[in-house]
There are 4 protein chains.
Amino acid sequence: MAKLETVNETEVAVLEPELVELAREIAAGERSFHRLPAELDAATAAAVRRRALELRAAASGGVLELRNLGAFTLDAERAATRHCESFTGAIQVPLGMVGPLRLRGEDLERGGEESVMVPLATTEGALLASVNRGCRAITAAGGATVWVDDVGMTRAPVFRTRDLGDSRNLVRFLEENFEEMRVRAAATSRFLELLEIRPLVLGGTTVLARFRFLTGDAMGMNMVTIACDRLVRELIEPATGARCVALSGNYCTDKKSSSVNFQLGRGKRVIAECVLDSGTLERTLKTRAELLVEVQLRKNLHGSIAAGSMGYNAQFANVLAALFIATGQDLAHVVEGAMGLTHFEARDDGAVYASVTLPDLPVAAVGGGTGLDTQREALAILDVKPDPARPGAAARRLAAIAGAVVLAGELSLMAAFTSNDLASAHERLGRGGSERAT
Amino acid sequence: MAKLETVNETEVAVLEPELVELAREIAAGERSFHRLPAELDAATAAAVRRRALELRAAASGGVLELRNLGAFTLDAERAATRHCESFTGAIQVPLGMVGPLRLRGEDLERGGEESVMVPLATTEGALLASVNRGCRAITAAGGATVWVDDVGMTRAPVFRTRDLGDSRNLVRFLEENFEEMRVRAAATSRFLELLEIRPLVLGGTTVLARFRFLTGDAMGMNMVTIACDRLVRELIEPATGARCVALSGNYCTDKKSSSVNFQLGRGKRVIAECVLDSGTLERTLKTRAELLVEVQLRKNLHGSIAAGSMGYNAQFANVLAALFIATGQDLAHVVEGAMGLTHFEARDDGAVYASVTLPDLPVAAVGGGTGLDTQREALAILDVKPDPARPGAAARRLAAIAGAVVLAGELSLMAAFTSNDLASAHERLGRGGSERAT
Amino acid sequence: MAKLETVNETEVAVLEPELVELAREIAAGERSFHRLPAELDAATAAAVRRRALELRAAASGGVLELRNLGAFTLDAERAATRHCESFTGAIQVPLGMVGPLRLRGEDLERGGEESVMVPLATTEGALLASVNRGCRAITAAGGATVWVDDVGMTRAPVFRTRDLGDSRNLVRFLEENFEEMRVRAAATSRFLELLEIRPLVLGGTTVLARFRFLTGDAMGMNMVTIACDRLVRELIEPATGARCVALSGNYCTDKKSSSVNFQLGRGKRVIAECVLDSGTLERTLKTRAELLVEVQLRKNLHGSIAAGSMGYNAQFANVLAALFIATGQDLAHVVEGAMGLTHFEARDDGAVYASVTLPDLPVAAVGGGTGLDTQREALAILDVKPDPARPGAAARRLAAIAGAVVLAGELSLMAAFTSNDLASAHERLGRGGSERAT
Amino acid sequence: MAKLETVNETEVAVLEPELVELAREIAAGERSFHRLPAELDAATAAAVRRRALELRAAASGGVLELRNLGAFTLDAERAATRHCESFTGAIQVPLGMVGPLRLRGEDLERGGEESVMVPLATTEGALLASVNRGCRAITAAGGATVWVDDVGMTRAPVFRTRDLGDSRNLVRFLEENFEEMRVRAAATSRFLELLEIRPLVLGGTTVLARFRFLTGDAMGMNMVTIACDRLVRELIEPATGARCVALSGNYCTDKKSSSVNFQLGRGKRVIAECVLDSGTLERTLKTRAELLVEVQLRKNLHGSIAAGSMGYNAQFANVLAALFIATGQDLAHVVEGAMGLTHFEARDDGAVYASVTLPDLPVAAVGGGTGLDTQREALAILDVKPDPARPGAAARRLAAIAGAVVLAGELSLMAAFTSNDLASAHERLGRGGSERAT
């Protein structure tokens with residue numbers, strides 16, 4: 001079979017003369033790289049930009065040929081206007097699959113048991129092979145149970161006051177006008193529901209107020225920012241005289257590790273668990289319960305304590321990064337998802353109880369990158385589809401799957417440590433080995 | 001101009017009958033999804049897998065059409081063997097450009113001044129427009145100065161001993177045999193240089209040993225894991241009787257926020273600075289020095305302190321995630337990069353000194369995803385090319401650019417807070433606005 | 001005047017022969033050091049113990065003469081039974097005074113302004129002189145304003161369950177039976193009021209439940225421990241089948257720095273503020289507003305961020321330790337009090353706004369060491385006296401004074417840094433200088 | 001036996017008329033409370049101050065009788081000049097004993113085994129009884145082994161520079177002039193030895209430099225502050241042009257929890273361990289190995305992780321506070337000592353391995369409060385006596401004992417959780433029970 005689905009690279013170079021001239025002007029700095037004539041469609045503008053980059057490089061004696069960045073099927077117009085300004089092309093990230101992964105929980109099909117194939121996109125060899133082994137172990141053990149708590153998305157404007165008296169007034173205002181704010185927030189989006197405002201006075205004149213909202217199937221950052229903006233400008237500032245210094249005061253906390261998120265949660269709070277019997281441990285994971293318990297203690301607890309880390313786990317970040325790229329999530333949210341705890345307990349007859357706790361997992365089933373073509377297909381593979389009748393259900397489903405696949409990643413890597421094959425996996429798979437891994 | 005460079009979607013569906021049958025068997029669970037016949041090339045295997053996913057969905061009453069995942073120009077064989085097991089297709093992430101960004105530093109062209117265009121891949125609207133504004137401000141101010149400290153890549157095996165006496169023996173062994181280990185490590189790769197071993201005894205019987213290496217232009221995780229494995233198996237365990245519980249003991253710390261990395265660094269430690277005069281502040285950033293100083297204090301310091309965060313910044317993670325996808329970095333390392341401090345000081349005549357400190361930035365100019373076609377082109381745009389005569393220089397160059405573009409992102413977003421246009425940017429750009437942003 | 005109030009040291013040695021024999025037997029290991037004949041009063045038992053220690057030392061060739069430990073006026077019987085088992089004598093800690101310190105706040109005399117003299121006990125020369133200077137500055141500036149939030153005392157039992165399902169049941173039980181628990185807790189002490197139960201599931205089978213109570217004028221640890229014990233044994237365990245692994249699960253958090261306490265508070269949450277004009281800054285503190293702002297930034301913010309500390313202040317711990325010894329507080333609680341933030345803002349005409357935020361300050365006006373004779377006198381100097389009509393008011397008063405005196409300590413030490421006299425103060429006062437400091 | 005060693009309280013009130021007049025003037029605000037006539041000896045000045053406080057209270061309608069604060073045997077002159085300005089009396093803290101406690105280690109008698117009685121001063125009932133039970137368990141098990149690492153005392157001045165270039169120059173200067181600084185530091189005290197300077201650039205223009213010194217038997221804060229002051233003023237500032245913003249930049253870190261101290265240590269780094277067989281566990285501690293392991297996991301690990309704490313232990317702070325008061329240590333250092341990890345491992349035949357790791361324990365055998373009379377006697381009971389021939393040995397001895405007694409405290413309290421008697425101990429002992437505890 002020929003490479004039916006890949007781009008014909010010979011077609012890449014064709015650009016009409018006036019567009020080449022446009023590219024030249026950009027390369028020469030005579031025109032803005034970013035602001036191209038409005039009549040150009042987005043794909044053409046991207047082609048001009050790529051050519052301008054090539055010419056720019058040539059001008060300084062370099063050779064630059066951009067043969068692949070222009071190969072895309074995504075909707076260029078949409079990408080350029082909604083996702084990525086100065087749109088120039090597309091990065092391709094290899095996508096593979098792990099599974100079947102059996103799992104159950106309230107947020108899955110009829111609360112019952114399901115078996116899913118999970119798309120992961122990564123450039124790091126050995127990751128999928130490792131996660132897939134974990135999936136096999138979980139599935140052999142009857143599946144993972146997952147609990148998703150829809151904590152909600154948060155935004156914490158930070159205010160400046162004149163003194164303690166004013167700060168206390170502001171806090172009181174927030175407490176006494178919760179209902180008014182709930183109603184006003186709901187007016188900015190029908191998917192938005194204000195759940196809580198948590199104020200904190202620090203330094204006497206700094207007041208942080210952590211607003212927490214349900215946001216349906218959206219990840220919700222934009223929604224809650226817009227709602228907070230309205231509340232701040234129309235209600236809080238006029239009524240209290242406090243000045244909002246920044247709509248995001250880092251007490252949210254967005255895209256940074258943070259203790260407040262670890263404790264109070266953000267996005268979804270997810271726990272996935274399973275029990276593996278000794279046979280599965282031995283056959284699939286080449287390990288034993290007490291070895292897993294020990295690695296957990298020495299590495300994920302003692303090691304992370306020594307390091308001063310909030311990641312008491314082996315590789316949450318690897319698995320989440322791969323799932324987030326595949327499904328069009330905001331990749332910077334991997335930072336939050338990397339926090340959390342793995343746990344193993346020895347059970348009778350050589351079995352092990354295993355779990356992962358992800359206190360802070362912002363995910364979306366609509367909005368952001370989920371609307372891009374390839375990402376939408378990855379979500380479709382997972383059957384993650386927003387249902388107007390059950391707002392939030394699709395995002396919770398995705399969170400549940402994320403929890404289970406993160407559990408798979410932990411099981412496999414932790415087991416690998418006990419049988420000493422981390423380095424050999426790296427040697428085989430990560431550096432150009434020829435086999436196709438399982 | 002037609003969409004010359006995009007895939008002909010009508011071609012997607014063609015698969016030979018025996019491959020369709022293969023896909024059916026996989027969908028029915030009669031064959032492994034992962035282990036396909038060896039004679040299939042990787043692109044064909046991917047097509048079979050996609051079809052199997054479609055049939056699997058159909059079997060349970062769903063409709064799944066994977067029209068875009070198969071559209072790629074990346075080298076499927078290479079992707080399947082080196083980057084992503086069970087290779088099934090490619091995710092496309094929109095790529096745009098910011099710049100020109102002027103910067104200088106020892107790791108840049110002749111230590112002198114350069115002007116670069118920076119590729120960023122993201123799905124989050126408004127990000128590039130924002131960062132680009134920061135680039136304009138920096139460039140108008142004469143450029144950013146960047147300092148890159150090549151701290152080195154770390155790996156910290158964790159050992160179990162019987163008691164304090166054994167632990168002390170192990171620590172002593174590591175101290176006394178540093179030279180031997182340096183030589184042995186170097187034998188595993190000519191780019192590897194052992195710089196330090198930092199042992200820590202915790203709990204009496206847990207010993208963590210943080211090995212730190214220079215790794216040339218590679219990010220280095222695989223290299224150092226392999227080297228540590230050799231040292232542990234061939235030297236440390238036999239000589240001391242201590243048992244290595246895990247090759248990675250989380251004191252490394254890999255892909256988790258961590259205080260040890262914040263203090264001691266990991267990968268590159270980068271600081272970028274610039275001074276903006278009042279005119280640039282006003283014209284380009286619509287702000288003033290004292291406003292930036294205040295947002296820094298209330299949001300990035302007070303807010304992050306309240307949150308218990310190690311990210312004393314506005315959006316390091318956003319910018320790094322976009323740069324990391326574009327250039328084929330390990331995305332999970334964004335977790336580490338998200339740590340760090342922004343800083344503003346008012347200077348005379350309304351000017352502001354601005355800086356970003358990134359204590360922990362693992363980046364690569366070779367290896368991992370840098371070898372993929374689109375990613376390699378993005379690196380080429382940045383003129384990041386390993387030079388055997390100067391190992392490590394290309395990775396340091398990339399780190400320097402990362403520092404400057406992160407600074408651009410901070411300047412722009414922090415200024416946006418002061419002029420209250422974060423929410424409006426979200427409304428305009430992130431939710432389907434029609435304009436092409438600057 | 002002779003040393004009227006000091007002990008006649010020549011009297012120390014007299015012990016009746018049968019008591020000397022008892023001491024000898026103890027020293028020889030023939031009798032327990034701890035369990036002495038019941039007919040001995042506590043002071044005599046202490047004398048026997050001291051003699052036993054002297055004889056024990058002599059037996060191994062040493063010379064030990066305990067001339068001062070026996071010099072006390074505290075009620076030995078009470079000390080031995082309520083405060084300190086195996087009571088053997090008393091440690092004398094020098095007590096000095098700082099003030100007058102002017103302050104105001106709802107928890108002070110009639111919400112109005114007061115001027116207090118504050119007793120501090122310490123062995124560290126220069127501390128009181130420094131704090132006193134801060135008191136002078138505050139008083140000259142018209143006094144400090146203090147806000148005390150009675151967060152309440154916390155205790156967080158930790159439970160083990162079998163799986164996620166059981167954990168969720170436990171959480172639900174706690175939520176649904178709050179009122180029942182509130183009533184039962186109140187039955188264990190009339191000063192106890194249950195305010196909140198905050199559950200957290202971690203690792204699937206670990207459930208922490210942070211109970212928060214008002215405890216009147218008591219610090220409250222004992223009260224809340226007893227109440228939690230009852231609730232756990234009589235209600236929670238029987239109803240849910242969950243097993244309480246420890247009554248204190250460290251999520252309380254008692255006597256350790258902790259992010260949860262920093263954010264949610266424990267004991268009292270206190271903020272004290274004042275505004276100093278440029279004249280006071282110059283005359284009393286030898287400094288200027290912008291210098292204080294800069295030390296705050298570089299030392300208390302940047303420095304503590306670099307250190308990974310939750311103490312964004314100069315010396316909360318020093319001042320609190322001295323106040324806690326003087327007033328009979330639980331000294332280990334200084335650990336919690338040491339967390340918190342100092343803050344300075346430049347105001348018009350060279351003035352400075354200064355504040356301290358203490359998120360976690362457990363203090364008592366009754367119970368614990370407050371009942372000891374010297375400590376009771378120190379509390380009397382502060383006019384801290386429980387009033388049955390206003391439970392909790394005395395403890396809040398103490399907390400308010402603590403906040404103001406901590407502010408004094410920060411002002412003075414921070415100013416000292418700016419005028420470079422920390423080291424010279426250490427040289428003059430801490431190492432045997434002869435002057436009497438102010 | 002009469003209360004031979006206690007003060008005759010009837011003597012308290014006698015003050016000569018001119019001193020009463022002096023007290024009246026002070027109470028009326030006509031004279032300074034702090035600056036009394038130079039001819040008054042310290043004890044008399046203290047008596048005048050107490051009377052002034054009584055008169056001050058009377059003036060506002062209150063009744064204040066200070067009968068006990070004046071009862072002391074400490075050397076008032078010394079206390080007033082070296083330890084506590086505005087000296088007014090003494091606080092009495094009950095002292096009891098725990099032990100015998102068997103322990104061994106390089107820093108103990110001939111590296112061999114010893115048995116010590118340990119003085120602890122506290123106001124918190126039940127503490128000594130609990131710790132003493134732990135001592136019995138350790139002693140029954142053959143004693144604790146302790147390792148003391150004399151990390152040294154640290155001080156980290158913080159500098160401000162103009163830009164990154166200057167910061168790098170400063171760092172380079174510190175690296176290149178280490179030997180010069182070592183020599184100059186040694187000249188300020190013959191006990192001082194500079195071990196390391198660890199610089200950290202943050203924010204571009206903030207440079208922290210953590211100086212680490214051996215300080216013999218002194219805790220060393222004063223010494224190192226003075227030495228740093230000299231180095232900064234005479235060498236670093238003149239040579240580099242950098243300005244020292246504060247001699248202590250919180251990266252030291254003094255008297256605050258801090259990750260840098262947890263990792264790199266401060267003062268002494270201490271680990272104490274023991275192995276208890278099942279018989280000792282059952283008889284003395286009423287527990288079993290697996291129960292201790294579980295409490296450790298759920299409480300000290302999971303609970304402290306949930307809390308965001310650096311204290312992965314049960315009650316380090318309680319035990320250290322009691323030992324620090326008894327032996328004249330700087331009480332604010334309990335904040336640092338409270339960090340650290342307890343650890344339990346099940347061993348064969350029902351035995352348990354137990355350890356405590358204290359990364360940061362500043363202690364002194366000379367200087368500070370160690371010179372006060374009662375405190376000196378407590379140190380003498382422990383046979384902690386500086387020996388000029390072995391500088392530092394006495395402080396290390398004290399640190400070793402501290403480690404072992406902290407271990408005793410952990411063993412006993414952790415065991416109490418497993419047998420559910422924490423609350424009942426509080427009820428019996430802490431609230432006025434009549435029995436004399438063991």
# chains A, B, ... in the order shown; residues from 1 in each chain; ligands from 1
>>> residues_around(residues="B:Val148", least_positions_apart="4", cutoff="9 Å", atoms="only C-alpha atoms", output="number ranges by chain")
B: 105-107, 268-272, 396-397, 399-400, 403
>>> write_last_selection(atoms="N, CA and C atoms", output="JSON list (two decimals), in the first residue's frame")
[["chain", "number", "residue", "atom", "x", "y", "z"],
["B", 105, "GLY", "N", 23.65, 37.31, 24.50],
["B", 105, "GLY", "CA", 24.14, 36.46, 25.57],
["B", 105, "GLY", "C", 25.24, 35.58, 25.05],
["B", 106, "GLU", "N", 25.97, 34.99, 25.93],
["B", 106, "GLU", "CA", 27.13, 34.17, 25.53],
["B", 106, "GLU", "C", 26.75, 33.01, 24.64],
["B", 107, "ASP", "N", 25.52, 32.56, 24.76],
["B", 107, "ASP", "CA", 25.14, 31.36, 24.05],
["B", 107, "ASP", "C", 24.50, 31.68, 22.71],
["B", 268, "LYS", "N", 18.96, 23.41, 32.19],
["B", 268, "LYS", "CA", 19.59, 24.73, 32.18],
["B", 268, "LYS", "C", 18.94, 25.60, 33.24],
["B", 269, "ARG", "N", 19.72, 26.44, 33.86],
["B", 269, "ARG", "CA", 19.20, 27.49, 34.73],
["B", 269, "ARG", "C", 19.32, 28.78, 33.92],
["B", 270, "VAL", "N", 18.20, 29.45, 33.70],
["B", 270, "VAL", "CA", 18.18, 30.57, 32.76],
["B", 270, "VAL", "C", 17.63, 31.83, 33.43],
["B", 271, "ILE", "N", 18.31, 32.94, 33.21],
["B", 271, "ILE", "CA", 17.77, 34.24, 33.62],
["B", 271, "ILE", "C", 17.81, 35.16, 32.40],
["B", 272, "ALA", "N", 16.69, 35.81, 32.13],
["B", 272, "ALA", "CA", 16.62, 36.79, 31.03],
["B", 272, "ALA", "C", 16.17, 38.12, 31.61],
["B", 396, "ARG", "N", 22.04, 25.12, 24.63],
["B", 396, "ARG", "CA", 22.11, 26.38, 25.40],
["B", 396, "ARG", "C", 21.47, 27.52, 24.60],
["B", 397, "ARG", "N", 21.69, 27.51, 23.30],
["B", 397, "ARG", "CA", 21.05, 28.53, 22.46],
["B", 397, "ARG", "C", 19.53, 28.46, 22.58],
["B", 399, "ALA", "N", 17.85, 27.24, 25.02],
["B", 399, "ALA", "CA", 17.48, 27.67, 26.38],
["B", 399, "ALA", "C", 17.47, 29.19, 26.49],
["B", 400, "ALA", "N", 18.43, 29.81, 25.85],
["B", 400, "ALA", "CA", 18.51, 31.27, 25.89],
["B", 400, "ALA", "C", 17.29, 31.89, 25.21],
["B", 403, "GLY", "N", 14.31, 31.52, 27.41],
["B", 403, "GLY", "CA", 14.29, 32.52, 28.48],
["B", 403, "GLY", "C", 13.75, 33.85, 27.99]]
>>> residues_around(residues="D:His34", least_positions_apart="2", cutoff="10 Å", atoms="only C-alpha atoms", output="list in words")
Gly96, Met97, Val98, Gly99, Ala129, Asn132, Arg436, Ala437 and Thr438 of chain C; Ile26, Arg31, Ser32, Leu36, Pro37, Ala45, Arg49, Glu85, Ser86, Phe87 and Thr88 of chain D
>>> residues_around(residues="A:His333", least_positions_apart="5", cutoff="12 Å", atoms="only C-alpha atoms", output="JSON, numbers by chain")
{"A": [219, 221, 253, 254, 255, 256, 257, 266, 267, 268, 317, 320, 321, 323, 324, 325, 328, 338, 339, 360, 361, 362, 363, 364], "B": [124, 315, 316, 317, 318, 320, 321, 331, 332, 334, 335, 338]}
>>> write_last_selection(atoms="N, CA, C and O atoms", output="short mmCIF file (atom, residue, chain, number, x, y, z; two decimals), in the first residue's frame")
data_model
loop_
_atom_site.label_atom_id
_atom_site.label_comp_id
_atom_site.auth_asym_id
_atom_site.auth_seq_id
_atom_site.Cartn_x
_atom_site.Cartn_y
_atom_site.Cartn_z
N MET A 219 -13.28 23.32 29.90
CA MET A 219 -12.26 23.44 30.94
C MET A 219 -12.58 24.66 31.78
O MET A 219 -12.44 24.65 32.99
N MET A 221 -11.50 28.05 31.89
CA MET A 221 -10.69 29.21 32.24
C MET A 221 -11.22 30.49 31.61
O MET A 221 -11.29 31.53 32.27
N THR A 253 -5.02 28.22 41.54
CA THR A 253 -3.78 28.60 40.90
C THR A 253 -3.73 27.99 39.53
O THR A 253 -3.95 26.79 39.39
N ASP A 254 -3.42 28.77 38.52
CA ASP A 254 -3.44 28.30 37.15
C ASP A 254 -2.05 27.95 36.65
O ASP A 254 -1.16 28.79 36.62
N LYS A 255 -1.84 26.69 36.27
CA LYS A 255 -0.64 26.27 35.56
C LYS A 255 0.64 26.40 36.36
O LYS A 255 1.71 26.65 35.81
N LYS A 256 0.49 26.25 37.66
CA LYS A 256 1.64 26.19 38.56
C LYS A 256 1.29 25.13 39.59
O LYS A 256 0.13 24.96 39.93
N SER A 257 2.32 24.42 40.08
CA SER A 257 2.06 23.55 41.22
C SER A 257 1.57 24.44 42.34
O SER A 257 1.98 25.60 42.44
N ARG A 266 -8.93 21.42 41.91
CA ARG A 266 -9.22 22.35 40.81
C ARG A 266 -9.57 21.51 39.60
O ARG A 266 -8.99 20.44 39.39
N GLY A 267 -10.48 21.98 38.77
CA GLY A 267 -10.93 21.15 37.66
C GLY A 267 -11.60 19.92 38.24
O GLY A 267 -12.53 20.02 39.03
N LYS A 268 -11.10 18.74 37.86
CA LYS A 268 -11.64 17.53 38.45
C LYS A 268 -10.65 16.99 39.49
O LYS A 268 -9.43 17.08 39.28
N ALA A 317 2.94 13.05 34.93
CA ALA A 317 3.11 14.08 33.90
C ALA A 317 3.29 13.47 32.52
O ALA A 317 2.76 13.98 31.53
N LEU A 320 -0.19 12.18 31.30
CA LEU A 320 -1.12 13.28 31.06
C LEU A 320 -0.70 14.11 29.86
O LEU A 320 -1.54 14.54 29.07
N ALA A 321 0.59 14.37 29.71
CA ALA A 321 1.05 15.15 28.56
C ALA A 321 0.63 14.45 27.27
O ALA A 321 0.13 15.09 26.34
N LEU A 323 -1.84 12.30 26.80
CA LEU A 323 -3.29 12.34 26.64
C LEU A 323 -3.77 13.75 26.29
O LEU A 323 -4.68 13.92 25.49
N PHE A 324 -3.12 14.73 26.88
CA PHE A 324 -3.52 16.13 26.64
C PHE A 324 -3.23 16.56 25.20
O PHE A 324 -4.03 17.26 24.58
N ILE A 325 -2.09 16.16 24.65
CA ILE A 325 -1.81 16.51 23.25
C ILE A 325 -2.83 15.81 22.35
O ILE A 325 -3.39 16.42 21.45
N GLY A 328 -6.41 17.53 22.70
CA GLY A 328 -6.58 18.97 22.55
C GLY A 328 -6.77 19.73 23.84
O GLY A 328 -7.37 20.80 23.87
N ALA A 338 0.39 17.10 37.27
CA ALA A 338 1.57 16.34 37.74
C ALA A 338 1.60 16.19 39.25
O ALA A 338 2.34 15.36 39.78
N MET A 339 0.82 17.01 39.95
CA MET A 339 0.73 16.84 41.40
C MET A 339 -0.09 15.60 41.73
O MET A 339 -1.01 15.27 40.99
N ASP A 360 -5.99 17.69 41.02
CA ASP A 360 -6.12 18.91 40.23
C ASP A 360 -5.95 18.58 38.75
O ASP A 360 -4.84 18.57 38.24
N LEU A 361 -7.07 18.28 38.10
CA LEU A 361 -7.01 17.88 36.71
C LEU A 361 -8.02 18.68 35.89
O LEU A 361 -9.18 18.34 35.80
N PRO A 362 -7.57 19.77 35.26
CA PRO A 362 -8.47 20.55 34.42
C PRO A 362 -8.57 19.89 33.05
O PRO A 362 -7.56 19.75 32.36
N VAL A 363 -9.77 19.49 32.65
CA VAL A 363 -9.94 18.89 31.32
C VAL A 363 -11.21 19.43 30.67
O VAL A 363 -12.13 19.89 31.34
N ALA A 364 -11.24 19.32 29.35
CA ALA A 364 -12.35 19.85 28.57
C ALA A 364 -12.83 18.84 27.56
O ALA A 364 -12.04 18.08 27.00
N GLU B 124 -4.37 27.43 22.15
CA GLU B 124 -5.02 28.41 23.01
C GLU B 124 -4.96 29.80 22.38
O GLU B 124 -3.92 30.47 22.40
N GLN B 315 2.85 33.25 33.61
CA GLN B 315 2.51 32.22 32.63
C GLN B 315 3.72 31.56 31.99
O GLN B 315 3.70 31.27 30.79
N PHE B 316 4.74 31.29 32.76
CA PHE B 316 5.87 30.54 32.21
C PHE B 316 5.36 29.30 31.46
O PHE B 316 5.83 28.97 30.36
N ALA B 317 4.42 28.60 32.08
CA ALA B 317 3.98 27.30 31.54
C ALA B 317 3.37 27.45 30.16
O ALA B 317 3.60 26.61 29.27
N ASN B 318 2.57 28.47 29.94
CA ASN B 318 1.94 28.66 28.64
C ASN B 318 2.97 28.80 27.53
O ASN B 318 2.87 28.15 26.48
N LEU B 320 6.24 28.09 27.58
CA LEU B 320 7.11 26.92 27.42
C LEU B 320 6.38 25.77 26.75
O LEU B 320 6.96 25.07 25.92
N ALA B 321 5.12 25.56 27.11
CA ALA B 321 4.37 24.47 26.46
C ALA B 321 4.33 24.69 24.96
O ALA B 321 4.56 23.75 24.17
N LEU B 331 7.26 17.11 26.60
CA LEU B 331 6.27 18.06 27.10
C LEU B 331 6.07 17.99 28.60
O LEU B 331 5.68 18.97 29.24
N ALA B 332 6.31 16.84 29.16
CA ALA B 332 6.13 16.71 30.60
C ALA B 332 7.14 17.59 31.35
O ALA B 332 6.95 17.89 32.53
N VAL B 334 7.53 20.62 30.92
CA VAL B 334 6.92 21.91 31.20
C VAL B 334 6.63 22.05 32.70
O VAL B 334 6.67 23.13 33.27
N VAL B 335 6.37 20.92 33.34
CA VAL B 335 6.11 20.93 34.79
C VAL B 335 7.27 21.57 35.53
O VAL B 335 7.08 22.38 36.44
N ALA B 338 7.76 25.38 34.68
CA ALA B 338 6.75 26.30 35.22
C ALA B 338 7.17 26.93 36.54
O ALA B 338 6.59 27.92 36.98
#
>>> select_by_dssp(residues="stretch 73-212 of chain D", states="strand (DSSP E)", output="VMD selection string")
chain D and resid 87 to 104 113 to 121 144 to 155 158 to 160 193 to 202 206 to 212
>>> calpha_fit_rmsd(fixed="chain B", moving="chain A")
0.1 Å
>>> residues_around(residues="stretch 342-346 of chain B", least_positions_apart="5", cutoff="7 Å", atoms="only C-alpha atoms", output="list in words")
Ala289, Glu290, Leu292, Val293, Gln296, Tyr312, Asn313, Ala351, Val352, Tyr353, Ala354, Ser355, Val356 and Thr357 of chain B; Gly203 of chain D
>>> atom_distance(atom1="atom CA of D:Ile401", atom2="atom CA of C:Arg51")
22.1 Å
>>> atom_distance(atom1="atom CA of A:Asp387", atom2="atom CA of A:Ala80")
27.4 Å
>>> interface_residues(of="chain A", to="chain D", cutoff="10 Å", atoms="only C-alpha atoms", output="PyMOL selection string")
chain A and resi 258-260+262-263+297+301-302+304-312+340-341+343
>>> residues_around(residues="D:Asp163", least_positions_apart="4", cutoff="7 Å", atoms="only C-alpha atoms", output="list of chain:residue names")
D:Ser167, D:Gly204, D:Thr205
>>> atom_distance(atom1="atom CA of D:Leu285", atom2="atom CA of D:Ala415")
5.9 Å
>>> residues_around(residues="A:Gly62", least_positions_apart="2", cutoff="12 Å", atoms="only C-alpha atoms", output="PyMOL selection string")
(chain A and resi 53-60+64-65) or (chain B and resi 380-385)
>>> select_by_dssp(residues="stretch 224-336 of chain D", states="alpha helix (DSSP H)", output="PyMOL selection string")
chain D and resi 224-230+237-240+259-264+278-285+289-295+304-307+316-327+334-336
